[in-house]
Amino acid sequence: MAMSSEESCSYPEESELELGLGLSLGGGGANSKTKPSPAAVEATMAGHWGQYARILTAKDFRSVVSPKECSSSSSSSSSMTKTNNNPSCGVKRTAEPSSPPGRSGASQVVGWPPLRNYRIQSLVNHAKSPKTEEITPAIDKCKNKTTIVDKTNCGSNLNRNVAKEKGLLKTSLFVKVNMDRIPIGRKVDLSAHSCYETLSQTLDDMFKLSAVVGARQEQVLKTRRSRLLNGSSEFVLTYEDKEGDWMLVGDVPWEMFLISVKRLRIMRTAEANGFAPRSNERNRIRSMAPM
Amino acid sequence: MVNYFPEEVLEHVFSFLTSHRDRNAVSLVCKSWYNVERFSRGKVFIGNCYAISPERLISRFPRVRSLTLKGKPHFADFNLVLHDWGGYVYPWIEAMAKGCTNLEELRLKRMLVSDASLELIAKSFPNFKSLVLVSCEGFTTDGLAAIASNCRFLRELDLQENEVEDPRGQWLSCFPDSCTSLASLNFACLKGEVNLAALERLVARCRNLKSLRLNHAVPPDVLQKILARAPQLVDLGAGSFVHDPESETYNKLKNVMQKCTSIRSLSGFLDVNARCLPAIYPICINLSSLNLSYAPGIYSKELVKLIRKCKKLQCLWILDTIGDKGLRVVASACKELQELRVFKSDPNDVGNAAVTEEGLVAISAGCPNLNSLLYFCRQMTNTALITVAKNCPNFIRFRLCTLDPITPDAVTMQPLDNGFGAIVQSCKGLKRLSVSGLLTDQVFLYIGMYAEQLEMLSIAFAGNSDKGMVYVLNGCKKLKKLEIRDSPFGNMALLADTGKYETMRSLWMSSCKVTFGACKSLAEKMPRLNVEIINEGDEMEGGSDDRQNVEKMYLYRTLVGPRKDAPDSVWTL
């Protein structure tokens, strides 16, 4: 494959770092079709699926391609090697220790890290369930959640097990809700909701937010929906995420919110310093937020 | 030496010898001891099922009651070996069914087990008591149903990490009401549903049940009922531990747990709501073994809270989500720790969970009795390894696995030769070693020099030249299994000491520099070795060029010549 010879040209001769890992490519590897470059530190691992990889030395900082990790992460271990389907198959791995953690791409090597298939499968299956940090695609929130809500409302264990097998199991997700200047907090079950609107409504009811507003009650009743969320209320809804940061509710898809939320807080808009008015700034905040 | 003792006395004396090694040694003394030993031998361990045939086993040990067999090479665990390479158990069972029907126990690892085999076991051995399957595949729950239905005295059914198809899921209800002998039941690896009512009844009537490991499909309320019936459990594997902490079930579970004062070993938590973990706090103080390596749902904070209470822990298997910080807590709380395994939680490494050399150093400082380690880490340093070697000279098993297989010392960028060198020098009893990271021939020089008790060595992406492998072959006198992948060892090393391979169980070399011609000449020279070449591609079609590199070679000593059940893609030279 052309890829390999391209890469070999771009690498300086690292003779002092020669590890002798020049696994002979001379017709030896199973599906290798490349000619080895004698001086380059290059190794071909002709695994089952004709994939090949380069082994770079510690001083080689110029790795380019970052293989698509996410796409292969949700399938079985054998998919670790199926990236040869990806045309940019010159998989590279850096030995650079200062590279950001978790991005070395070493997982593209067949059978490395050496974990039993059984173990990898069970971890991957767990990752598929909504409880983990894998980013799920944004889907029509409310529509999707009604099915799940049905399943949680069903008390029987059989349904729960069936739902679980489909990776849809949601158990109750009670989180604390505190409001500024009110010492006693409440708890709300997030899994009973399918979208921000219903959550907001529930919180409205719980904390009688409309009542606090007082005289403007008729107006409030009409525009009740999403008041907490659209920035027009006296209050703003925030949450603490897994990393301990306080964030504005409503920016991310509902599923992602469920994964990262630890607890909620209703703050008075006046006191919520640093939160830009939502309607104008939504896009800006989004683009700044680390994804 | 004249034998003054009648055979019965010898036999009685030998009955105190339980280890295979001792028994093997005894049988070499003289003919009469050989005979006494072989007739009295009950347990046989066969590390490579192709080293001997079932017929010869039975003819030498006609009274064998317990058989342990291992099939595929170790690297099969990591997808380096074809699925159908071999390791079929059926011929063994067939032979035993004809010649040795008092078989009571069968322990298999990495073998292909068919439903037909299980059915044959169920039919052929009236005293069958114990079936342990580890990393096997090829069977379904139908086979389990046959075992459950027919083995009247079944004491142990232990399924560890097998790939099992589950077409019907009714195998549990096949245990007849008369079955009350079960002491150990482990079906944690099964993916399907089980008949919960049958499970409850089974637990209720098996008063000797000591070990129970459940799968996902057992919901919390059933778990609670089971524990209420079996407070005598010593080993528990919770499948699903997802409760609503406000629920009645959870409350009941908490109460029941407090009464389970015999539990010493805990595992599972395949699905878990971490907020429910306080229910198990009462038993933590009694735990000697804790396996949370299948519980990615427990985050570091809760994990640490839990482990902190396990002051008597001797064996801990966890995920690297625990982090270095968590390991420091382990080091301060679990002073009696002997075995630690920290697994990668994220095989594709898209997250940030990891442990580094710091966690390991902390453990070594806090847990001087540590003798067995498996450590998947992001990085390592020589200094850390040297410190660990000083703190823990008692290692028997030391397996390190860096995320990047050729990562150097994270601080100095040097190879990790000296670090591993320190380990082998300090740990005089080291029997198993897996090295990783940037390594040159130097590390093998150290291993050859110091690792006198080493029996198993795993090498990946290491070394510079044939010299490395030769150091090991020359130096490690007790070496039994050597497995090498992606390292630059070639013909010179392979052929340097061919006689050595008859003293070893097996040698695996993949993606090295060994040629077809060298393998052929080795096979010719050593008739008592099977030299197998595994091909996946079609490059070997045209009668093979001797100068071609061999992708995968597996050789092992055998008394029965080339096997007849190899698939087309495996050539025995």
# chains A, B, ... in the order shown; residues from 1 in each chain; ligands from 1
>>> residues_around(residues="region 219-227 of chain B", least_positions_apart="5", cutoff="7 Å", atoms="only C-alpha atoms", output="list in words")
Asn157 of chain A; Glu200, Val203, Ser240, Phe241, Val242, His243, Thr249, Lys252, Leu253 and Val256 of chain B
>>> write_last_selection(atoms="N, CA, C and O atoms", output="PDB file, in the first residue's frame")
ATOM      1  N   ASN A 157     -39.574  -7.052  36.978  1.00  0.00           N
ATOM      2  CA  ASN A 157     -38.157  -7.288  36.736  1.00  0.00           C
ATOM      3  C   ASN A 157     -37.896  -7.836  35.354  1.00  0.00           C
ATOM      4  O   ASN A 157     -36.874  -7.588  34.771  1.00  0.00           O
TER       5      ASN A 157
ATOM      6  N   GLU B 200     -33.854 -19.948  43.122  1.00  0.00           N
ATOM      7  CA  GLU B 200     -34.148 -19.789  44.561  1.00  0.00           C
ATOM      8  C   GLU B 200     -34.331 -21.133  45.232  1.00  0.00           C
ATOM      9  O   GLU B 200     -33.827 -21.383  46.334  1.00  0.00           O
ATOM     10  N   VAL B 203     -30.988 -22.973  45.625  1.00  0.00           N
ATOM     11  CA  VAL B 203     -30.192 -22.440  46.720  1.00  0.00           C
ATOM     12  C   VAL B 203     -30.758 -22.899  48.064  1.00  0.00           C
ATOM     13  O   VAL B 203     -30.033 -23.260  48.992  1.00  0.00           O
ATOM     14  N   SER B 240     -26.326  -8.388  39.167  1.00  0.00           N
ATOM     15  CA  SER B 240     -26.876  -7.052  39.058  1.00  0.00           C
ATOM     16  C   SER B 240     -27.029  -6.468  40.452  1.00  0.00           C
ATOM     17  O   SER B 240     -27.594  -7.098  41.332  1.00  0.00           O
ATOM     18  N   PHE B 241     -26.488  -5.291  40.632  1.00  0.00           N
ATOM     19  CA  PHE B 241     -26.592  -4.669  41.950  1.00  0.00           C
ATOM     20  C   PHE B 241     -27.136  -3.261  41.768  1.00  0.00           C
ATOM     21  O   PHE B 241     -26.567  -2.282  42.240  1.00  0.00           O
ATOM     22  N   VAL B 242     -28.239  -3.247  41.059  1.00  0.00           N
ATOM     23  CA  VAL B 242     -28.842  -1.944  40.762  1.00  0.00           C
ATOM     24  C   VAL B 242     -30.132  -1.816  41.553  1.00  0.00           C
ATOM     25  O   VAL B 242     -31.102  -2.505  41.269  1.00  0.00           O
ATOM     26  N   HIS B 243     -30.089  -1.005  42.550  1.00  0.00           N
ATOM     27  CA  HIS B 243     -31.291  -0.802  43.356  1.00  0.00           C
ATOM     28  C   HIS B 243     -31.628   0.664  43.405  1.00  0.00           C
ATOM     29  O   HIS B 243     -30.782   1.519  43.192  1.00  0.00           O
ATOM     30  N   THR B 249     -36.715  -3.281  48.859  1.00  0.00           N
ATOM     31  CA  THR B 249     -35.767  -4.359  48.521  1.00  0.00           C
ATOM     32  C   THR B 249     -34.380  -4.029  49.040  1.00  0.00           C
ATOM     33  O   THR B 249     -33.701  -4.872  49.610  1.00  0.00           O
ATOM     34  N   LYS B 252     -34.150  -4.462  52.733  1.00  0.00           N
ATOM     35  CA  LYS B 252     -34.069  -5.884  53.093  1.00  0.00           C
ATOM     36  C   LYS B 252     -32.680  -6.411  52.797  1.00  0.00           C
ATOM     37  O   LYS B 252     -32.115  -7.187  53.565  1.00  0.00           O
ATOM     38  N   LEU B 253     -32.152  -5.988  51.686  1.00  0.00           N
ATOM     39  CA  LEU B 253     -30.814  -6.462  51.315  1.00  0.00           C
ATOM     40  C   LEU B 253     -29.779  -6.044  52.344  1.00  0.00           C
ATOM     41  O   LEU B 253     -28.918  -6.817  52.738  1.00  0.00           O
ATOM     42  N   VAL B 256     -30.065  -8.296  55.308  1.00  0.00           N
ATOM     43  CA  VAL B 256     -29.614  -9.651  55.026  1.00  0.00           C
ATOM     44  C   VAL B 256     -28.095  -9.721  54.930  1.00  0.00           C
ATOM     45  O   VAL B 256     -27.467 -10.650  55.420  1.00  0.00           O
TER      46      VAL B 256
END
>>> atom_distance(atom1="CA of Asn79 (chain B)", atom2="CA of Asp466 (chain B)")
25.9 Å
>>> residues_around(residues="region 311-319 of chain B", least_positions_apart="6", cutoff="7 Å", atoms="only C-alpha atoms", output="list in words")
Ile285, Asn286, Leu287, Ser288, Ser289, Leu290, Asn291, Leu292, Ser293, Ala333, Cys334, Glu336, Leu337, Gln338, Glu339, Leu340, Arg341, Val342, Phe343, Lys344 and Ser345 of chain B
>>> atom_distance(atom1="CA of Ser178 (chain B)", atom2="CA of Leu209 (chain B)")
14.7 Å
>>> residues_around(residues="region 120-130 of chain B", least_positions_apart="3", cutoff="12 Å", atoms="only C-alpha atoms", output="ChimeraX atom specification")
/B:65-68,89-108,113-117,133,142-159,179,181-186
>>> residues_around(residues="Lys262 (chain A)", least_positions_apart="5", cutoff="9 Å", atoms="only C-alpha atoms", output="PDB file with C-alpha atoms, in the first residue's frame")
ATOM      1  CA  VAL A 175     -30.663  14.034  42.118  1.00  0.00           C
ATOM      2  CA  LYS A 176     -30.761  16.755  44.715  1.00  0.00           C
ATOM      3  CA  TYR A 239     -26.249  21.665  37.482  1.00  0.00           C
ATOM      4  CA  GLU A 240     -23.037  20.244  38.812  1.00  0.00           C
ATOM      5  CA  ASP A 241     -21.408  17.852  36.430  1.00  0.00           C
ATOM      6  CA  LYS A 242     -19.148  14.877  37.007  1.00  0.00           C
ATOM      7  CA  GLY A 244     -17.415  19.292  39.686  1.00  0.00           C
TER       8      GLY A 244
END
>>> closest_residue(among="B:Leu112, B:Cys260, B:Ala410, B:Met380", to="chain A", atoms="only C-alpha atoms")
B:Ala410
>>> atom_distance(atom1="CA of Thr383 (chain B)", atom2="CA of Asn418 (chain B)")
8.6 Å
>>> select_by_dssp(residues="region 135-322 of chain B", states="alpha helix (DSSP H)", output="count of residues only")
55
>>> residues_around(residues="Val361 (chain B)", least_positions_apart="2", cutoff="9 Å", atoms="only C-alpha atoms", output="JSON, numbers by chain")
{"B": [328, 357, 358, 359, 363, 364, 365, 366, 384, 385, 387, 388, 391]}
>>> write_last_selection(atoms="C-alpha atoms", output="PDB file, in the first residue's frame")
ATOM      1  CA  ARG B 328      -2.462   4.989  47.685  1.00  0.00           C
ATOM      2  CA  GLU B 357       4.228   4.075  38.204  1.00  0.00           C
ATOM      3  CA  GLU B 358       3.290   6.164  41.198  1.00  0.00           C
ATOM      4  CA  GLY B 359       0.404   3.952  42.140  1.00  0.00           C
ATOM      5  CA  ILE B 363       1.387  -0.206  46.744  1.00  0.00           C
ATOM      6  CA  SER B 364       4.830  -1.700  47.051  1.00  0.00           C
ATOM      7  CA  ALA B 365       5.605   0.550  49.968  1.00  0.00           C
ATOM      8  CA  GLY B 366       2.397  -0.197  51.795  1.00  0.00           C
ATOM      9  CA  ALA B 384       9.812   3.017  40.181  1.00  0.00           C
ATOM     10  CA  LEU B 385      10.576  -0.567  39.259  1.00  0.00           C
ATOM     11  CA  THR B 387      11.885   0.803  44.259  1.00  0.00           C
ATOM     12  CA  VAL B 388       9.216  -1.828  43.860  1.00  0.00           C
ATOM     13  CA  ASN B 391      10.093  -3.091  48.697  1.00  0.00           C
TER      14      ASN B 391
END
>>> closest_residue(among="A:Ile120, A:Leu115, A:Val261, A:Val252", to="Phe174 (chain A)", atoms="only C-alpha atoms")
A:Val261
>>> closest_residue(among="A:Val110, A:Ile266, A:Leu237, A:Leu203", to="chain B", atoms="only C-alpha atoms")
A:Val110
>>> residues_around(residues="region 425-433 of chain B", least_positions_apart="6", cutoff="10 Å", atoms="only C-alpha atoms", output="PyMOL selection string")
chain B and resi 371-374+386+388-400+419+446-447+449-459+478-481
>>> write_last_selection(atoms="N, CA and C atoms", output="compact mmCIF listing (two decimals), in the first residue's frame")
# COMPACT_ATOMS: atom_id res chain seq x y z
N ASN B 371 2.91 -10.53 46.31
CA ASN B 371 3.69 -11.51 45.57
C ASN B 371 3.18 -11.77 44.17
N SER B 372 2.06 -11.16 43.83
CA SER B 372 1.51 -11.40 42.50
C SER B 372 0.93 -10.11 41.95
N LEU B 373 1.37 -9.76 40.75
CA LEU B 373 0.95 -8.48 40.20
C LEU B 373 0.63 -8.59 38.73
N LEU B 374 -0.49 -7.97 38.35
CA LEU B 374 -0.79 -7.74 36.94
C LEU B 374 -1.19 -6.28 36.86
N ILE B 386 12.71 -0.19 40.30
CA ILE B 386 13.78 -0.51 41.25
C ILE B 386 13.27 -0.39 42.68
N VAL B 388 10.14 -0.72 43.63
CA VAL B 388 9.22 -1.83 43.86
C VAL B 388 9.99 -3.10 44.17
N ALA B 389 11.07 -3.31 43.43
CA ALA B 389 11.87 -4.52 43.64
C ALA B 389 12.45 -4.54 45.05
N LYS B 390 12.84 -3.38 45.52
CA LYS B 390 13.40 -3.32 46.88
C LYS B 390 12.33 -3.57 47.93
N ASN B 391 11.16 -2.98 47.70
CA ASN B 391 10.09 -3.09 48.70
C ASN B 391 9.46 -4.46 48.75
N CYS B 392 9.40 -5.12 47.60
CA CYS B 392 8.68 -6.39 47.53
C CYS B 392 9.53 -7.46 46.89
N PRO B 393 10.39 -8.07 47.66
CA PRO B 393 11.27 -9.09 47.09
C PRO B 393 10.59 -10.44 46.92
N ASN B 394 9.31 -10.52 47.25
CA ASN B 394 8.66 -11.82 47.25
C ASN B 394 7.83 -12.12 46.03
N PHE B 395 8.01 -11.36 44.99
CA PHE B 395 7.16 -11.59 43.83
C PHE B 395 7.34 -12.98 43.24
N ILE B 396 6.19 -13.62 43.00
CA ILE B 396 6.20 -14.88 42.28
C ILE B 396 5.73 -14.64 40.86
N ARG B 397 4.76 -13.72 40.73
CA ARG B 397 4.23 -13.36 39.41
C ARG B 397 4.33 -11.85 39.25
N PHE B 398 4.97 -11.43 38.18
CA PHE B 398 5.10 -9.99 37.95
C PHE B 398 4.81 -9.72 36.48
N ARG B 399 3.66 -9.10 36.25
CA ARG B 399 3.25 -8.88 34.87
C ARG B 399 2.89 -7.42 34.70
N LEU B 400 3.67 -6.80 33.86
CA LEU B 400 3.45 -5.39 33.62
C LEU B 400 3.01 -5.20 32.18
N GLY B 419 15.01 -1.43 35.16
CA GLY B 419 13.89 -1.64 36.07
C GLY B 419 13.54 -3.12 36.20
N TYR B 446 19.77 -9.70 31.80
CA TYR B 446 19.45 -9.74 33.23
C TYR B 446 18.56 -10.94 33.57
N ILE B 447 17.57 -11.14 32.73
CA ILE B 447 16.63 -12.24 33.01
C ILE B 447 17.37 -13.57 32.99
N MET B 449 20.43 -14.05 33.59
CA MET B 449 21.38 -14.13 34.71
C MET B 449 20.71 -14.39 36.04
N TYR B 450 19.57 -13.74 36.26
CA TYR B 450 19.02 -13.75 37.61
C TYR B 450 17.74 -14.56 37.80
N ALA B 451 16.98 -14.74 36.75
CA ALA B 451 15.66 -15.33 36.97
C ALA B 451 15.74 -16.85 36.99
N GLU B 452 16.29 -17.35 38.08
CA GLU B 452 16.58 -18.79 38.13
C GLU B 452 15.36 -19.66 38.28
N GLN B 453 14.32 -19.11 38.85
CA GLN B 453 13.13 -19.94 39.05
C GLN B 453 12.07 -19.68 38.00
N LEU B 454 12.42 -18.86 37.02
CA LEU B 454 11.40 -18.43 36.07
C LEU B 454 10.85 -19.59 35.26
N GLU B 455 9.51 -19.69 35.21
CA GLU B 455 8.89 -20.76 34.44
C GLU B 455 8.15 -20.25 33.23
N MET B 456 7.65 -19.02 33.32
CA MET B 456 6.91 -18.51 32.17
C MET B 456 7.30 -17.07 31.89
N LEU B 457 7.63 -16.81 30.63
CA LEU B 457 8.06 -15.48 30.24
C LEU B 457 7.29 -15.02 29.01
N SER B 458 6.73 -13.81 29.09
CA SER B 458 5.98 -13.25 27.96
C SER B 458 6.68 -12.01 27.47
N ILE B 459 6.97 -12.00 26.18
CA ILE B 459 7.73 -10.91 25.59
C ILE B 459 6.94 -10.33 24.42
N LYS B 478 14.74 -23.21 34.43
CA LYS B 478 13.45 -23.82 34.75
C LYS B 478 12.35 -23.35 33.81
N LEU B 479 12.75 -22.76 32.73
CA LEU B 479 11.76 -22.18 31.84
C LEU B 479 10.86 -23.26 31.25
N LYS B 480 9.55 -22.99 31.31
CA LYS B 480 8.61 -23.97 30.76
C LYS B 480 7.86 -23.40 29.57
N LYS B 481 7.46 -22.13 29.69
CA LYS B 481 6.68 -21.56 28.60
C LYS B 481 7.29 -20.22 28.20
>>> decode(residues="region 33-45 of chain B", atoms="all heavy atoms", output="compact mmCIF listing (two decimals), in the first residue's frame")
# COMPACT_ATOMS: atom_id res chain seq x y z
N TRP B 33 8.22 -48.13 42.61
CA TRP B 33 7.60 -46.88 43.04
C TRP B 33 6.76 -46.31 41.92
O TRP B 33 5.68 -45.76 42.15
CB TRP B 33 8.68 -45.86 43.43
CG TRP B 33 9.25 -46.07 44.81
CD1 TRP B 33 9.50 -47.28 45.41
CD2 TRP B 33 9.63 -45.08 45.74
NE1 TRP B 33 10.01 -47.09 46.65
CE2 TRP B 33 10.11 -45.74 46.87
CE3 TRP B 33 9.63 -43.68 45.73
CZ2 TRP B 33 10.59 -45.06 47.99
CZ3 TRP B 33 10.11 -43.00 46.84
CH2 TRP B 33 10.58 -43.70 47.97
N TYR B 34 7.27 -46.40 40.72
CA TYR B 34 6.52 -45.94 39.54
C TYR B 34 5.15 -46.61 39.50
O TYR B 34 4.13 -45.95 39.28
CB TYR B 34 7.33 -46.23 38.28
CG TYR B 34 6.67 -45.92 36.97
CD1 TYR B 34 6.78 -44.66 36.38
CD2 TYR B 34 5.94 -46.90 36.30
CE1 TYR B 34 6.18 -44.38 35.16
CE2 TYR B 34 5.33 -46.63 35.08
CZ TYR B 34 5.47 -45.37 34.51
OH TYR B 34 4.88 -45.10 33.29
N ASN B 35 5.14 -47.89 39.70
CA ASN B 35 3.88 -48.62 39.63
C ASN B 35 2.93 -48.28 40.77
O ASN B 35 1.74 -48.09 40.56
CB ASN B 35 4.12 -50.13 39.61
CG ASN B 35 4.43 -50.60 38.20
OD1 ASN B 35 3.80 -50.14 37.27
ND2 ASN B 35 5.41 -51.49 38.07
N VAL B 36 3.48 -48.25 41.96
CA VAL B 36 2.62 -47.90 43.08
C VAL B 36 2.04 -46.51 42.87
O VAL B 36 0.85 -46.26 43.07
CB VAL B 36 3.41 -47.93 44.41
CG1 VAL B 36 2.55 -47.38 45.54
CG2 VAL B 36 3.88 -49.32 44.72
N GLU B 37 2.90 -45.64 42.42
CA GLU B 37 2.44 -44.25 42.24
C GLU B 37 1.35 -44.20 41.18
O GLU B 37 0.33 -43.54 41.36
CB GLU B 37 3.64 -43.37 41.85
CG GLU B 37 3.41 -41.88 42.03
CD GLU B 37 2.59 -41.28 40.92
OE1 GLU B 37 2.82 -41.61 39.73
OE2 GLU B 37 1.69 -40.46 41.22
N ARG B 38 1.57 -44.87 40.10
CA ARG B 38 0.61 -44.68 39.01
C ARG B 38 -0.75 -45.27 39.32
O ARG B 38 -1.77 -44.75 38.87
CB ARG B 38 1.16 -45.22 37.69
CG ARG B 38 1.14 -46.72 37.52
CD ARG B 38 1.75 -47.06 36.17
NE ARG B 38 1.62 -48.47 35.88
CZ ARG B 38 0.65 -49.00 35.15
NH1 ARG B 38 -0.27 -48.24 34.62
NH2 ARG B 38 0.60 -50.30 34.94
N PHE B 39 -0.77 -46.32 40.11
CA PHE B 39 -2.09 -46.88 40.44
C PHE B 39 -2.81 -46.06 41.50
O PHE B 39 -4.02 -46.13 41.63
CB PHE B 39 -1.97 -48.34 40.90
CG PHE B 39 -1.84 -49.27 39.75
CD1 PHE B 39 -0.64 -49.94 39.50
CD2 PHE B 39 -2.90 -49.49 38.89
CE1 PHE B 39 -0.51 -50.81 38.42
CE2 PHE B 39 -2.78 -50.34 37.81
CZ PHE B 39 -1.58 -51.01 37.57
N SER B 40 -2.02 -45.32 42.25
CA SER B 40 -2.67 -44.56 43.31
C SER B 40 -2.91 -43.11 42.91
O SER B 40 -3.44 -42.33 43.68
CB SER B 40 -1.84 -44.60 44.58
OG SER B 40 -0.59 -43.98 44.36
N ARG B 41 -2.48 -42.75 41.71
CA ARG B 41 -2.64 -41.37 41.33
C ARG B 41 -4.08 -41.03 41.00
O ARG B 41 -4.69 -41.67 40.15
CB ARG B 41 -1.79 -41.05 40.10
CG ARG B 41 -2.04 -39.65 39.59
CD ARG B 41 -0.96 -38.74 39.97
NE ARG B 41 -0.01 -38.68 38.87
CZ ARG B 41 1.04 -37.87 38.81
NH1 ARG B 41 1.31 -37.06 39.79
NH2 ARG B 41 1.84 -37.91 37.80
N GLY B 42 -4.58 -40.02 41.69
CA GLY B 42 -5.95 -39.62 41.45
C GLY B 42 -6.07 -38.38 40.59
O GLY B 42 -7.00 -38.22 39.82
N LYS B 43 -5.11 -37.49 40.75
CA LYS B 43 -5.23 -36.22 40.03
C LYS B 43 -4.13 -36.09 39.00
O LYS B 43 -2.95 -36.22 39.34
CB LYS B 43 -5.05 -35.05 40.99
CG LYS B 43 -6.21 -34.80 41.88
CD LYS B 43 -6.04 -33.46 42.59
CE LYS B 43 -7.25 -33.24 43.48
NZ LYS B 43 -7.11 -32.02 44.25
N VAL B 44 -4.49 -35.81 37.79
CA VAL B 44 -3.48 -35.61 36.76
C VAL B 44 -3.65 -34.24 36.13
O VAL B 44 -4.77 -33.81 35.83
CB VAL B 44 -3.61 -36.69 35.66
CG1 VAL B 44 -2.61 -36.43 34.55
CG2 VAL B 44 -3.36 -38.07 36.26
N PHE B 45 -2.52 -33.59 35.93
CA PHE B 45 -2.52 -32.26 35.31
C PHE B 45 -1.80 -32.36 33.97
O PHE B 45 -0.65 -32.77 33.91
CB PHE B 45 -1.80 -31.27 36.22
CG PHE B 45 -1.52 -29.94 35.57
CD1 PHE B 45 -2.48 -28.95 35.53
CD2 PHE B 45 -0.28 -29.69 34.97
CE1 PHE B 45 -2.23 -27.73 34.92
CE2 PHE B 45 -0.02 -28.47 34.37
CZ PHE B 45 -0.99 -27.49 34.34
